[in-house]
$ cat coords24.pdb   # PDB, C-alpha atoms
MODEL        1
ATOM      1  CA  MET O  26     -18.542 -33.581 -10.740  1.00  0.00           C
ATOM      2  CA  GLU O  27     -15.818 -35.390  -8.804  1.00  0.00           C
ATOM      3  CA  SER O  28     -13.255 -34.024 -11.254  1.00  0.00           C
ATOM      4  CA  LYS O  29     -14.426 -30.447 -10.590  1.00  0.00           C
ATOM      5  CA  ASP O  30     -14.318 -30.995  -6.830  1.00  0.00           C
ATOM      6  CA  LEU O  31     -10.819 -32.419  -7.092  1.00  0.00           C
ATOM      7  CA  HIS O  32      -9.720 -29.475  -9.220  1.00  0.00           C
ATOM      8  CA  LEU O  33     -11.153 -27.032  -6.660  1.00  0.00           C
ATOM      9  CA  ILE O  34      -9.392 -28.834  -3.817  1.00  0.00           C
ATOM     10  CA  GLU O  35      -6.088 -28.619  -5.681  1.00  0.00           C
ATOM     11  CA  HIS O  36      -6.588 -24.867  -6.157  1.00  0.00           C
ATOM     12  CA  MET O  37      -7.386 -24.390  -2.492  1.00  0.00           C
ATOM     13  CA  GLU O  38      -4.311 -26.386  -1.491  1.00  0.00           C
ATOM     14  CA  GLU O  39      -2.190 -24.275  -3.805  1.00  0.00           C
ATOM     15  CA  LEU O  40      -3.656 -21.061  -2.357  1.00  0.00           C
ATOM     16  CA  ARG O  41      -3.055 -22.284   1.194  1.00  0.00           C
ATOM     17  CA  SER O  42       0.551 -23.090   0.317  1.00  0.00           C
ATOM     18  CA  ARG O  43       1.102 -19.605  -1.111  1.00  0.00           C
ATOM     19  CA  ILE O  44      -0.452 -17.947   1.949  1.00  0.00           C
ATOM     20  CA  ILE O  45       1.697 -20.012   4.318  1.00  0.00           C
ATOM     21  CA  LYS O  46       4.866 -19.085   2.430  1.00  0.00           C
ATOM     22  CA  THR O  47       3.885 -15.419   2.593  1.00  0.00           C
ATOM     23  CA  LEU O  48       3.216 -15.624   6.341  1.00  0.00           C
ATOM     24  CA  ILE O  49       6.554 -17.370   6.915  1.00  0.00           C
ATOM     25  CA  GLY O  50       8.259 -14.589   4.993  1.00  0.00           C
ATOM     26  CA  PHE O  51       6.460 -11.960   7.079  1.00  0.00           C
ATOM     27  CA  VAL O  52       7.548 -13.621  10.323  1.00  0.00           C
ATOM     28  CA  ALA O  53      11.150 -13.832   9.102  1.00  0.00           C
ATOM     29  CA  PHE O  54      11.162 -10.150   8.080  1.00  0.00           C
ATOM     30  CA  PHE O  55       9.514  -9.214  11.385  1.00  0.00           C
ATOM     31  CA  ILE O  56      12.256 -10.953  13.362  1.00  0.00           C
ATOM     32  CA  MET O  57      14.959  -9.280  11.275  1.00  0.00           C
ATOM     33  CA  SER O  58      13.300  -5.876  11.732  1.00  0.00           C
ATOM     34  CA  PHE O  59      12.943  -6.415  15.471  1.00  0.00           C
ATOM     35  CA  ILE O  60      16.684  -7.117  15.762  1.00  0.00           C
ATOM     36  CA  PHE O  61      17.414  -3.629  14.369  1.00  0.00           C
ATOM     37  CA  VAL O  62      14.329  -1.924  15.796  1.00  0.00           C
ATOM     38  CA  GLN O  63      16.262   0.370  18.149  1.00  0.00           C
ATOM     39  CA  ASP O  64      18.296   1.748  15.249  1.00  0.00           C
ATOM     40  CA  ILE O  65      15.088   2.303  13.262  1.00  0.00           C
ATOM     41  CA  TYR O  66      13.486   3.965  16.286  1.00  0.00           C
ATOM     42  CA  ASN O  67      16.420   6.355  16.705  1.00  0.00           C
ATOM     43  CA  LEU O  68      16.220   7.209  13.015  1.00  0.00           C
ATOM     44  CA  LEU O  69      12.520   8.033  13.234  1.00  0.00           C
ATOM     45  CA  ILE O  70      12.898  10.376  16.233  1.00  0.00           C
ATOM     46  CA  LYS O  71      16.192  12.027  15.266  1.00  0.00           C
ATOM     47  CA  ASP O  72      14.439  15.303  14.353  1.00  0.00           C
ATOM     48  CA  LEU O  73      12.203  15.301  17.406  1.00  0.00           C
ATOM     49  CA  GLU O  74      13.124  17.714  20.188  1.00  0.00           C
ATOM     50  CA  GLY O  75      13.433  15.958  23.515  1.00  0.00           C
ATOM     51  CA  LYS O  76      12.552  12.363  24.290  1.00  0.00           C
ATOM     52  CA  LEU O  77       9.251  10.540  24.075  1.00  0.00           C
ATOM     53  CA  ALA O  78       7.576   9.532  27.314  1.00  0.00           C
ATOM     54  CA  VAL O  79       6.316   6.048  28.080  1.00  0.00           C
ATOM     55  CA  LEU O  80       3.622   5.143  30.600  1.00  0.00           C
ATOM     56  CA  GLY O  81       4.795   1.619  31.247  1.00  0.00           C
ATOM     57  CA  PRO O  82       7.159  -1.158  30.109  1.00  0.00           C
ATOM     58  CA  SER O  83       4.532  -2.691  27.831  1.00  0.00           C
ATOM     59  CA  GLU O  84       4.322   0.544  25.868  1.00  0.00           C
ATOM     60  CA  ILE O  85       7.967   0.233  24.858  1.00  0.00           C
ATOM     61  CA  LEU O  86       7.326  -3.268  23.547  1.00  0.00           C
ATOM     62  CA  TRP O  87       4.228  -2.109  21.671  1.00  0.00           C
ATOM     63  CA  VAL O  88       6.176   0.679  19.956  1.00  0.00           C
ATOM     64  CA  TYR O  89       8.991  -1.651  18.937  1.00  0.00           C
ATOM     65  CA  MET O  90       6.533  -4.241  17.632  1.00  0.00           C
ATOM     66  CA  ILE O  91       4.574  -1.746  15.552  1.00  0.00           C
ATOM     67  CA  ILE O  92       7.771  -0.376  13.995  1.00  0.00           C
ATOM     68  CA  ALA O  93       9.024  -3.880  13.205  1.00  0.00           C
ATOM     69  CA  GLY O  94       5.587  -4.790  11.870  1.00  0.00           C
ATOM     70  CA  VAL O  95       5.493  -1.922   9.381  1.00  0.00           C
ATOM     71  CA  CYS O  96       9.021  -2.749   8.182  1.00  0.00           C
ATOM     72  CA  ALA O  97       8.007  -6.401   7.796  1.00  0.00           C
ATOM     73  CA  ILE O  98       4.908  -5.449   5.794  1.00  0.00           C
ATOM     74  CA  ALA O  99       7.026  -3.372   3.413  1.00  0.00           C
ATOM     75  CA  ALA O 100       9.514  -6.203   2.927  1.00  0.00           C
ATOM     76  CA  THR O 101       6.758  -8.814   2.493  1.00  0.00           C
ATOM     77  CA  ILE O 102       4.941  -6.984  -0.318  1.00  0.00           C
ATOM     78  CA  PRO O 103       7.214  -8.292  -3.136  1.00  0.00           C
ATOM     79  CA  LEU O 104       7.001 -11.811  -1.715  1.00  0.00           C
ATOM     80  CA  ALA O 105       3.207 -11.662  -1.414  1.00  0.00           C
ATOM     81  CA  ALA O 106       2.924 -10.279  -4.951  1.00  0.00           C
ATOM     82  CA  TYR O 107       5.185 -13.041  -6.266  1.00  0.00           C
ATOM     83  CA  GLN O 108       3.154 -15.754  -4.523  1.00  0.00           C
ATOM     84  CA  LEU O 109      -0.052 -14.272  -5.939  1.00  0.00           C
ATOM     85  CA  TRP O 110       1.527 -14.192  -9.394  1.00  0.00           C
ATOM     86  CA  ARG O 111       2.579 -17.845  -9.083  1.00  0.00           C
ATOM     87  CA  PHE O 112      -1.001 -18.740  -8.107  1.00  0.00           C
ATOM     88  CA  VAL O 113      -2.657 -17.034 -11.110  1.00  0.00           C
ATOM     89  CA  ALA O 114       0.174 -17.653 -13.610  1.00  0.00           C
ATOM     90  CA  PRO O 115      -1.197 -20.996 -14.893  1.00  0.00           C
ATOM     91  CA  ALA O 116      -4.366 -19.203 -16.041  1.00  0.00           C
ATOM     92  CA  LEU O 117      -2.417 -16.528 -17.944  1.00  0.00           C
ATOM     93  CA  LYS O 118      -0.978 -16.569 -21.427  1.00  0.00           C
ATOM     94  CA  PRO O 119       2.834 -16.594 -21.695  1.00  0.00           C
ATOM     95  CA  GLU O 120       2.912 -12.910 -22.660  1.00  0.00           C
ATOM     96  CA  GLU O 121       0.569 -11.991 -19.809  1.00  0.00           C
ATOM     97  CA  ARG O 122       2.838 -13.843 -17.397  1.00  0.00           C
ATOM     98  CA  ARG O 123       5.844 -11.799 -18.489  1.00  0.00           C
ATOM     99  CA  VAL O 124       3.959  -8.504 -18.337  1.00  0.00           C
ATOM    100  CA  THR O 125       2.350  -9.101 -14.943  1.00  0.00           C
ATOM    101  CA  PHE O 126       5.628 -10.325 -13.458  1.00  0.00           C
ATOM    102  CA  ARG O 127       7.136  -6.901 -14.147  1.00  0.00           C
ATOM    103  CA  PHE O 128       4.586  -5.294 -11.829  1.00  0.00           C
ATOM    104  CA  ILE O 129       6.035  -6.969  -8.729  1.00  0.00           C
ATOM    105  CA  PRO O 130       9.024  -4.608  -8.141  1.00  0.00           C
ATOM    106  CA  GLY O 131       6.743  -1.638  -8.784  1.00  0.00           C
ATOM    107  CA  LEU O 132       4.467  -2.601  -5.892  1.00  0.00           C
ATOM    108  CA  PHE O 133       7.374  -2.405  -3.455  1.00  0.00           C
ATOM    109  CA  ILE O 134       8.717   0.841  -4.932  1.00  0.00           C
ATOM    110  CA  LEU O 135       5.322   2.569  -4.818  1.00  0.00           C
ATOM    111  CA  PHE O 136       4.682   1.369  -1.263  1.00  0.00           C
ATOM    112  CA  ILE O 137       7.992   2.851  -0.112  1.00  0.00           C
ATOM    113  CA  THR O 138       7.277   6.016  -2.103  1.00  0.00           C
ATOM    114  CA  GLY O 139       3.887   6.395  -0.435  1.00  0.00           C
ATOM    115  CA  ILE O 140       5.308   5.895   3.053  1.00  0.00           C
ATOM    116  CA  SER O 141       8.145   8.322   2.286  1.00  0.00           C
ATOM    117  CA  PHE O 142       5.659  10.936   1.063  1.00  0.00           C
ATOM    118  CA  GLY O 143       3.599  10.520   4.206  1.00  0.00           C
ATOM    119  CA  TYR O 144       6.592  10.623   6.534  1.00  0.00           C
ATOM    120  CA  PHE O 145       8.775  13.322   4.949  1.00  0.00           C
ATOM    121  CA  VAL O 146       6.087  15.604   3.485  1.00  0.00           C
ATOM    122  CA  LEU O 147       2.724  15.147   5.140  1.00  0.00           C
ATOM    123  CA  PHE O 148       3.611  14.082   8.674  1.00  0.00           C
ATOM    124  CA  PRO O 149       5.809  17.142   9.517  1.00  0.00           C
ATOM    125  CA  ILE O 150       3.178  19.528   8.151  1.00  0.00           C
ATOM    126  CA  VAL O 151       0.283  17.968  10.053  1.00  0.00           C
ATOM    127  CA  LEU O 152       2.296  17.545  13.258  1.00  0.00           C
ATOM    128  CA  GLY O 153       3.603  21.106  13.057  1.00  0.00           C
ATOM    129  CA  PHE O 154       0.120  22.482  12.492  1.00  0.00           C
ATOM    130  CA  LEU O 155      -1.393  20.569  15.409  1.00  0.00           C
ATOM    131  CA  THR O 156       1.512  21.494  17.676  1.00  0.00           C
ATOM    132  CA  SER O 157       1.115  25.184  16.799  1.00  0.00           C
ATOM    133  CA  LEU O 158      -2.476  25.073  18.050  1.00  0.00           C
ATOM    134  CA  SER O 159      -1.219  24.469  21.589  1.00  0.00           C
ATOM    135  CA  ALA O 160       1.416  27.199  21.531  1.00  0.00           C
ATOM    136  CA  GLY O 161       1.131  29.272  24.710  1.00  0.00           C
ATOM    137  CA  GLN O 162      -1.974  27.382  25.824  1.00  0.00           C
ATOM    138  CA  PHE O 163      -0.872  23.886  26.761  1.00  0.00           C
ATOM    139  CA  GLU O 164       2.284  22.063  27.717  1.00  0.00           C
ATOM    140  CA  MET O 165       2.812  19.525  24.975  1.00  0.00           C
ATOM    141  CA  MET O 166       4.146  16.096  25.926  1.00  0.00           C
ATOM    142  CA  PHE O 167       4.332  13.186  23.493  1.00  0.00           C
ATOM    143  CA  THR O 168       4.089   9.612  24.664  1.00  0.00           C
ATOM    144  CA  ALA O 169       5.771   7.034  22.456  1.00  0.00           C
ATOM    145  CA  GLU O 170       2.539   5.104  21.972  1.00  0.00           C
ATOM    146  CA  LYS O 171       0.492   8.162  20.923  1.00  0.00           C
ATOM    147  CA  TYR O 172       3.274   9.552  18.737  1.00  0.00           C
ATOM    148  CA  PHE O 173       3.863   6.380  16.734  1.00  0.00           C
ATOM    149  CA  ARG O 174       0.169   5.497  16.544  1.00  0.00           C
ATOM    150  CA  PHE O 175      -0.442   8.928  15.039  1.00  0.00           C
ATOM    151  CA  MET O 176       2.496   8.508  12.640  1.00  0.00           C
ATOM    152  CA  ILE O 177       1.537   5.019  11.465  1.00  0.00           C
ATOM    153  CA  ASN O 178      -2.146   5.913  11.030  1.00  0.00           C
ATOM    154  CA  LEU O 179      -1.109   8.825   8.839  1.00  0.00           C
ATOM    155  CA  ILE O 180       1.636   7.359   6.649  1.00  0.00           C
ATOM    156  CA  LEU O 181       0.741   3.659   6.295  1.00  0.00           C
ATOM    157  CA  PRO O 182      -2.436   4.263   4.235  1.00  0.00           C
ATOM    158  CA  PHE O 183      -0.331   6.259   1.776  1.00  0.00           C
ATOM    159  CA  GLY O 184       1.923   3.268   1.237  1.00  0.00           C
ATOM    160  CA  ILE O 185      -1.148   1.269   0.232  1.00  0.00           C
ATOM    161  CA  LEU O 186      -2.936   4.009  -1.724  1.00  0.00           C
ATOM    162  CA  PHE O 187       0.166   4.917  -3.736  1.00  0.00           C
ATOM    163  CA  GLU O 188      -0.079   1.473  -5.328  1.00  0.00           C
ATOM    164  CA  MET O 189      -3.401   2.417  -6.923  1.00  0.00           C
ATOM    165  CA  PRO O 190      -1.912   3.406 -10.339  1.00  0.00           C
ATOM    166  CA  LEU O 191      -0.030   0.131 -10.655  1.00  0.00           C
ATOM    167  CA  VAL O 192      -3.034  -1.956  -9.566  1.00  0.00           C
ATOM    168  CA  VAL O 193      -5.217  -0.137 -12.100  1.00  0.00           C
ATOM    169  CA  MET O 194      -2.654  -0.767 -14.851  1.00  0.00           C
ATOM    170  CA  PHE O 195      -2.494  -4.436 -13.869  1.00  0.00           C
ATOM    171  CA  LEU O 196      -6.297  -4.876 -13.930  1.00  0.00           C
ATOM    172  CA  THR O 197      -6.534  -2.981 -17.221  1.00  0.00           C
ATOM    173  CA  ARG O 198      -3.849  -5.174 -18.736  1.00  0.00           C
ATOM    174  CA  LEU O 199      -5.862  -8.262 -17.759  1.00  0.00           C
ATOM    175  CA  GLY O 200      -9.054  -6.750 -19.184  1.00  0.00           C
ATOM    176  CA  ILE O 201     -10.858  -6.611 -15.835  1.00  0.00           C
ATOM    177  CA  ILE O 202     -11.383  -2.833 -15.945  1.00  0.00           C
ATOM    178  CA  ASN O 203     -11.004  -0.109 -18.570  1.00  0.00           C
ATOM    179  CA  PRO O 204     -10.719   3.706 -18.623  1.00  0.00           C
ATOM    180  CA  ALA O 205     -14.421   4.127 -19.402  1.00  0.00           C
ATOM    181  CA  VAL O 206     -15.365   2.380 -16.158  1.00  0.00           C
ATOM    182  CA  LEU O 207     -12.958   4.544 -14.164  1.00  0.00           C
ATOM    183  CA  LYS O 208     -14.324   7.731 -15.719  1.00  0.00           C
ATOM    184  CA  LYS O 209     -17.941   6.751 -15.108  1.00  0.00           C
ATOM    185  CA  SER O 210     -17.203   5.924 -11.465  1.00  0.00           C
ATOM    186  CA  ARG O 211     -15.156   9.104 -10.886  1.00  0.00           C
ATOM    187  CA  LYS O 212     -17.725  10.759  -8.595  1.00  0.00           C
ATOM    188  CA  ILE O 213     -18.132   7.649  -6.454  1.00  0.00           C
ATOM    189  CA  SER O 214     -14.361   7.145  -6.332  1.00  0.00           C
ATOM    190  CA  TYR O 215     -13.818  10.765  -5.299  1.00  0.00           C
ATOM    191  CA  PHE O 216     -16.379  10.359  -2.526  1.00  0.00           C
ATOM    192  CA  VAL O 217     -14.709   7.172  -1.256  1.00  0.00           C
ATOM    193  CA  LEU O 218     -11.254   8.788  -1.332  1.00  0.00           C
ATOM    194  CA  VAL O 219     -12.546  11.817   0.575  1.00  0.00           C
ATOM    195  CA  ILE O 220     -14.053   9.542   3.228  1.00  0.00           C
ATOM    196  CA  ILE O 221     -10.764   7.637   3.511  1.00  0.00           C
ATOM    197  CA  SER O 222      -8.871  10.920   3.851  1.00  0.00           C
ATOM    198  CA  ILE O 223     -11.138  12.104   6.654  1.00  0.00           C
ATOM    199  CA  LEU O 224     -10.816   8.788   8.496  1.00  0.00           C
ATOM    200  CA  ILE O 225      -7.002   8.650   8.430  1.00  0.00           C
ATOM    201  CA  THR O 226      -6.314  12.285   9.321  1.00  0.00           C
ATOM    202  CA  PRO O 227      -6.833  14.377  12.458  1.00  0.00           C
ATOM    203  CA  PRO O 228     -10.162  16.254  12.622  1.00  0.00           C
ATOM    204  CA  ASP O 229      -9.071  19.513  10.988  1.00  0.00           C
ATOM    205  CA  ILE O 230      -9.643  20.867   7.492  1.00  0.00           C
ATOM    206  CA  ILE O 231      -5.947  21.527   6.745  1.00  0.00           C
ATOM    207  CA  SER O 232      -4.957  17.908   7.313  1.00  0.00           C
ATOM    208  CA  ASP O 233      -7.917  16.698   5.280  1.00  0.00           C
ATOM    209  CA  ILE O 234      -6.975  18.872   2.297  1.00  0.00           C
ATOM    210  CA  LEU O 235      -3.321  17.808   2.471  1.00  0.00           C
ATOM    211  CA  VAL O 236      -4.427  14.188   2.154  1.00  0.00           C
ATOM    212  CA  ILE O 237      -7.388  14.557  -0.223  1.00  0.00           C
ATOM    213  CA  VAL O 238      -5.475  16.418  -2.947  1.00  0.00           C
ATOM    214  CA  PRO O 239      -2.709  13.783  -3.426  1.00  0.00           C
ATOM    215  CA  LEU O 240      -5.279  10.974  -3.453  1.00  0.00           C
ATOM    216  CA  LEU O 241      -7.386  12.673  -6.130  1.00  0.00           C
ATOM    217  CA  VAL O 242      -4.241  13.292  -8.179  1.00  0.00           C
ATOM    218  CA  LEU O 243      -3.351   9.599  -7.799  1.00  0.00           C
ATOM    219  CA  TYR O 244      -6.778   8.635  -9.105  1.00  0.00           C
ATOM    220  CA  GLU O 245      -6.441  10.856 -12.168  1.00  0.00           C
ATOM    221  CA  VAL O 246      -2.972   9.470 -12.821  1.00  0.00           C
ATOM    222  CA  SER O 247      -4.465   5.986 -12.579  1.00  0.00           C
ATOM    223  CA  VAL O 248      -7.125   6.880 -15.157  1.00  0.00           C
ATOM    224  CA  GLN O 249      -4.499   8.186 -17.605  1.00  0.00           C
ATOM    225  CA  LEU O 250      -2.287   5.127 -17.137  1.00  0.00           C
ATOM    226  CA  SER O 251      -5.285   2.849 -17.610  1.00  0.00           C
ATOM    227  CA  ASN O 252      -6.136   4.691 -20.812  1.00  0.00           C
ATOM    228  CA  MET O 253      -2.578   4.257 -22.074  1.00  0.00           C
ATOM    229  CA  VAL O 254      -2.496   0.525 -21.280  1.00  0.00           C
ATOM    230  CA  TYR O 255      -5.964   0.004 -22.742  1.00  0.00           C
ATOM    231  CA  ARG O 256      -5.049   1.654 -26.060  1.00  0.00           C
ATOM    232  CA  LYS O 257      -1.871  -0.392 -26.285  1.00  0.00           C
ATOM    233  CA  ARG O 258      -3.844  -3.552 -25.572  1.00  0.00           C
ATOM    234  CA  LEU O 259      -6.416  -2.746 -28.275  1.00  0.00           C
ATOM    235  CA  MET O 260      -3.688  -2.028 -30.820  1.00  0.00           C
ATOM    236  CA  LYS O 261      -2.026  -5.362 -30.059  1.00  0.00           C
ATOM    237  CA  GLU O 262      -5.338  -7.218 -30.383  1.00  0.00           C
ATOM    238  CA  GLU O 263      -6.105  -5.512 -33.682  1.00  0.00           C
ATOM    239  CA  SER O 264      -2.676  -6.342 -35.084  1.00  0.00           C
ATOM    240  CA  ALA O 265      -3.223  -9.991 -34.116  1.00  0.00           C
ATOM    241  CA  LEU O 266      -6.451 -10.254 -36.151  1.00  0.00           C
ATOM    242  CA  PRO O 267      -6.141 -12.092 -39.477  1.00  0.00           C
ATOM    243  CA  VAL O 268      -6.090  -9.873 -42.541  1.00  0.00           C
ATOM    244  CA  THR O 269      -9.092 -10.478 -44.832  1.00  0.00           C
TER
ENDMDL
END

$ encode --input "coords24.pdb" --output "structure tokens"
Amino acid sequence: MESKDLHLIEHMEELRSRIIKTLIGFVAFFIMSFIFVQDIYNLLIKDLEGKLAVLGPSEILWVYMIIAGVCAIAATIPLAAYQLWRFVAPALKPEERRVTFRFIPGLFILFITGISFGYFVLFPIVLGFLTSLSAGQFEMMFTAEKYFRFMINLILPFGILFEMPLVVMFLTRLGIINPAVLKKSRKISYFVLVIISILITPPDIISDILVIVPLLVLYEVSVQLSNMVYRKRLMKEESALPVT
């Protein structure tokens, strides 16, 4: 019993160490992002007509911090994935270690891809649609806080959700899930994705559809990738069986 308790304590210490290293990395990336935050800010508003309004000095700081925070999150993803891999690696077989290690760069790439899709494709469409509703009726004025809150709420979830195919492949490779489970839970998954889409978009049907469709496509891509990985895994297991 004491041996089990000691083993658990060692695992918890290891987990704490990995979390601390990840947090230190996040803080370092946040500081680096904050140093260049004005350049990033100018890049994000370069296509915006006019200047954004602010209602107080603290709003400027909030905007800069949220921009630096998102950049730090993006940069921390590979580090967090690596620390997680180091934590679970002792429980994996040598081949599983090599395979799962290859997923780490993909997490960063898919996160950036998701944010890019949200910012370059979805955000202009949704913003343009909502702006057109006020044409001739209201005088539109954007505050920096409202503008960036709207932007982050719209594009950040895509950075996370675009990692769904890779996460599904990873869990399938470890044998935690399989394509049959994903197919059986398709209706529930669709419902959850629709709810997420409604929560992260403005309250209009056009925005909802523009978000729901890519998420459903991502889910179907995840199912196909899981099926591919699962078949490959079964073939490898069958080839490893002794011939009788």

$ atom_distance --input "coords24.pdb" --atom1 "atom CA of Ile180 of chain O" --atom2 "atom CA of Met165 of chain O"
22.0 Å

$ atom_distance --input "coords24.pdb" --atom1 "atom CA of Phe61 of chain O" --atom2 "atom CA of Tyr107 of chain O"
25.8 Å

$ residues_around --input "coords24.pdb" --residues "Val113 of chain O" --least-positions-apart "3" --cutoff "12 Å" --atoms "all atoms listed in the file" --output "ChimeraX atom specification"
/O:36,39-40,43,106-110,116-119,121-122,125-126,199

$ closest_residue --input "coords24.pdb" --among "O:Gly131, O:Pro149, O:Pro190, O:Gly184" --to "Ile70 of chain O" --atoms "only C-alpha atoms"
O:Pro149

$ residues_around --input "coords24.pdb" --residues "segment 141-147 of chain O" --least-positions-apart "2" --cutoff "7 Å" --atoms "all atoms listed in the file" --output "list in words"
Ile137, Thr138, Gly139, Pro149, Ile150, Val151, Leu179, Ile180 and Phe183 of chain O

$ residues_around --input "coords24.pdb" --residues "Ile177 of chain O" --least-positions-apart "3" --cutoff "10 Å" --atoms "only C-alpha atoms" --output "PyMOL selection string"
chain O and resi 91-92+95+140+143-144+148+172-174+180-183+225

$ closest_residue --input "coords24.pdb" --among "O:Ile134, O:Leu235, O:Ile213, O:Met194" --to "Met253 of chain O" --atoms "all atoms listed in the file"
O:Met194

$ atom_distance --input "coords24.pdb" --atom1 "atom CA of Ile45 of chain O" --atom2 "atom CA of Ala100 of chain O"
15.9 Å

$ residues_near_point --input "coords24.pdb" --point "(4.6, -6.3, 1.3)" --cutoff "10 Å" --atoms "all atoms listed in the file" --output "list of chain:residue names"
O:Thr47, O:Gly50, O:Phe51, O:Val95, O:Cys96, O:Ala97, O:Ile98, O:Ala99, O:Ala100, O:Thr101, O:Ile102, O:Pro103, O:Leu104, O:Ala105, O:Ala106, O:Leu132, O:Phe133, O:Phe136, O:Ile137, O:Gly184, O:Ile185

$ resolve_selection --input "coords24.pdb" --expression "the PyMOL selection byres ((chain O and resi 214-219) around 12)" --output "PyMOL selection string"
chain O and resi 182-183+186+189+206-213+220-226+230+232-245+247-248

$ closest_residue --input "coords24.pdb" --among "O:Ile65, O:Ile201, O:Ala169, O:Ile44" --to "Val79 of chain O" --atoms "only C-alpha atoms"
O:Ala169

$ residues_near_point --input "coords24.pdb" --point "(8.6, 10.4, 24.6)" --cutoff "9 Å" --atoms "all atoms listed in the file" --output "list in words"
Gly75, Lys76, Leu77, Ala78, Val79, Met166, Phe167, Thr168, Ala169, Glu170 and Tyr172 of chain O

$ closest_residue --input "coords24.pdb" --among "O:Ile129, O:Leu259, O:Val62, O:Leu158" --to "Gly200 of chain O" --atoms "all atoms listed in the file"
O:Leu259

$ axis_aligned_box --input "coords24.pdb" --around "segment 140-153 of chain O" --padding-each-side "8 Å" --output "AutoDock Vina command-line options"
--center_x 4.5 --center_y 13.5 --center_z 7.2 --size_x 24.5 --size_y 31.2 --size_z 28.2

$ closest_residue --input "coords24.pdb" --among "O:Tyr89, O:Glu84, O:Asn67, O:Leu73" --to "Phe55 of chain O" --atoms "all atoms listed in the file"
O:Tyr89

$ build_atoms --input "coords24.pdb" --residues "segment 91-104 of chain O" --atoms "N, CA and C atoms" --output "PDB file, in the coordinates of the input"
ATOM      1  N   ILE O  91       5.260  -2.417  16.657  1.00  0.00           N
ATOM      2  CA  ILE O  91       4.574  -1.746  15.552  1.00  0.00           C
ATOM      3  C   ILE O  91       5.569  -1.255  14.513  1.00  0.00           C
ATOM      4  N   ILE O  92       6.738  -0.795  14.941  1.00  0.00           N
ATOM      5  CA  ILE O  92       7.771  -0.376  13.995  1.00  0.00           C
ATOM      6  C   ILE O  92       8.272  -1.578  13.197  1.00  0.00           C
ATOM      7  N   ALA O  93       8.567  -2.671  13.889  1.00  0.00           N
ATOM      8  CA  ALA O  93       9.024  -3.880  13.205  1.00  0.00           C
ATOM      9  C   ALA O  93       7.941  -4.426  12.279  1.00  0.00           C
ATOM     10  N   GLY O  94       6.686  -4.298  12.692  1.00  0.00           N
ATOM     11  CA  GLY O  94       5.587  -4.790  11.870  1.00  0.00           C
ATOM     12  C   GLY O  94       5.463  -4.038  10.554  1.00  0.00           C
ATOM     13  N   VAL O  95       5.582  -2.719  10.606  1.00  0.00           N
ATOM     14  CA  VAL O  95       5.493  -1.922   9.381  1.00  0.00           C
ATOM     15  C   VAL O  95       6.661  -2.248   8.440  1.00  0.00           C
ATOM     16  N   CYS O  96       7.854  -2.383   8.999  1.00  0.00           N
ATOM     17  CA  CYS O  96       9.021  -2.749   8.182  1.00  0.00           C
ATOM     18  C   CYS O  96       8.820  -4.128   7.551  1.00  0.00           C
ATOM     19  N   ALA O  97       8.248  -5.049   8.312  1.00  0.00           N
ATOM     20  CA  ALA O  97       8.007  -6.401   7.796  1.00  0.00           C
ATOM     21  C   ALA O  97       6.960  -6.389   6.690  1.00  0.00           C
ATOM     22  N   ILE O  98       5.929  -5.565   6.841  1.00  0.00           N
ATOM     23  CA  ILE O  98       4.908  -5.449   5.794  1.00  0.00           C
ATOM     24  C   ILE O  98       5.531  -4.956   4.498  1.00  0.00           C
ATOM     25  N   ALA O  99       6.372  -3.922   4.604  1.00  0.00           N
ATOM     26  CA  ALA O  99       7.026  -3.372   3.413  1.00  0.00           C
ATOM     27  C   ALA O  99       7.884  -4.427   2.722  1.00  0.00           C
ATOM     28  N   ALA O 100       8.630  -5.186   3.506  1.00  0.00           N
ATOM     29  CA  ALA O 100       9.514  -6.203   2.927  1.00  0.00           C
ATOM     30  C   ALA O 100       8.740  -7.390   2.382  1.00  0.00           C
ATOM     31  N   THR O 101       7.539  -7.654   2.909  1.00  0.00           N
ATOM     32  CA  THR O 101       6.758  -8.814   2.493  1.00  0.00           C
ATOM     33  C   THR O 101       5.977  -8.563   1.212  1.00  0.00           C
ATOM     34  N   ILE O 102       5.754  -7.307   0.864  1.00  0.00           N
ATOM     35  CA  ILE O 102       4.941  -6.984  -0.318  1.00  0.00           C
ATOM     36  C   ILE O 102       5.456  -7.664  -1.590  1.00  0.00           C
ATOM     37  N   PRO O 103       6.758  -7.585  -1.922  1.00  0.00           N
ATOM     38  CA  PRO O 103       7.214  -8.292  -3.136  1.00  0.00           C
ATOM     39  C   PRO O 103       6.990  -9.800  -3.059  1.00  0.00           C
ATOM     40  N   LEU O 104       7.206 -10.377  -1.882  1.00  0.00           N
ATOM     41  CA  LEU O 104       7.001 -11.811  -1.715  1.00  0.00           C
ATOM     42  C   LEU O 104       5.531 -12.174  -1.894  1.00  0.00           C
TER      43      LEU O 104
END
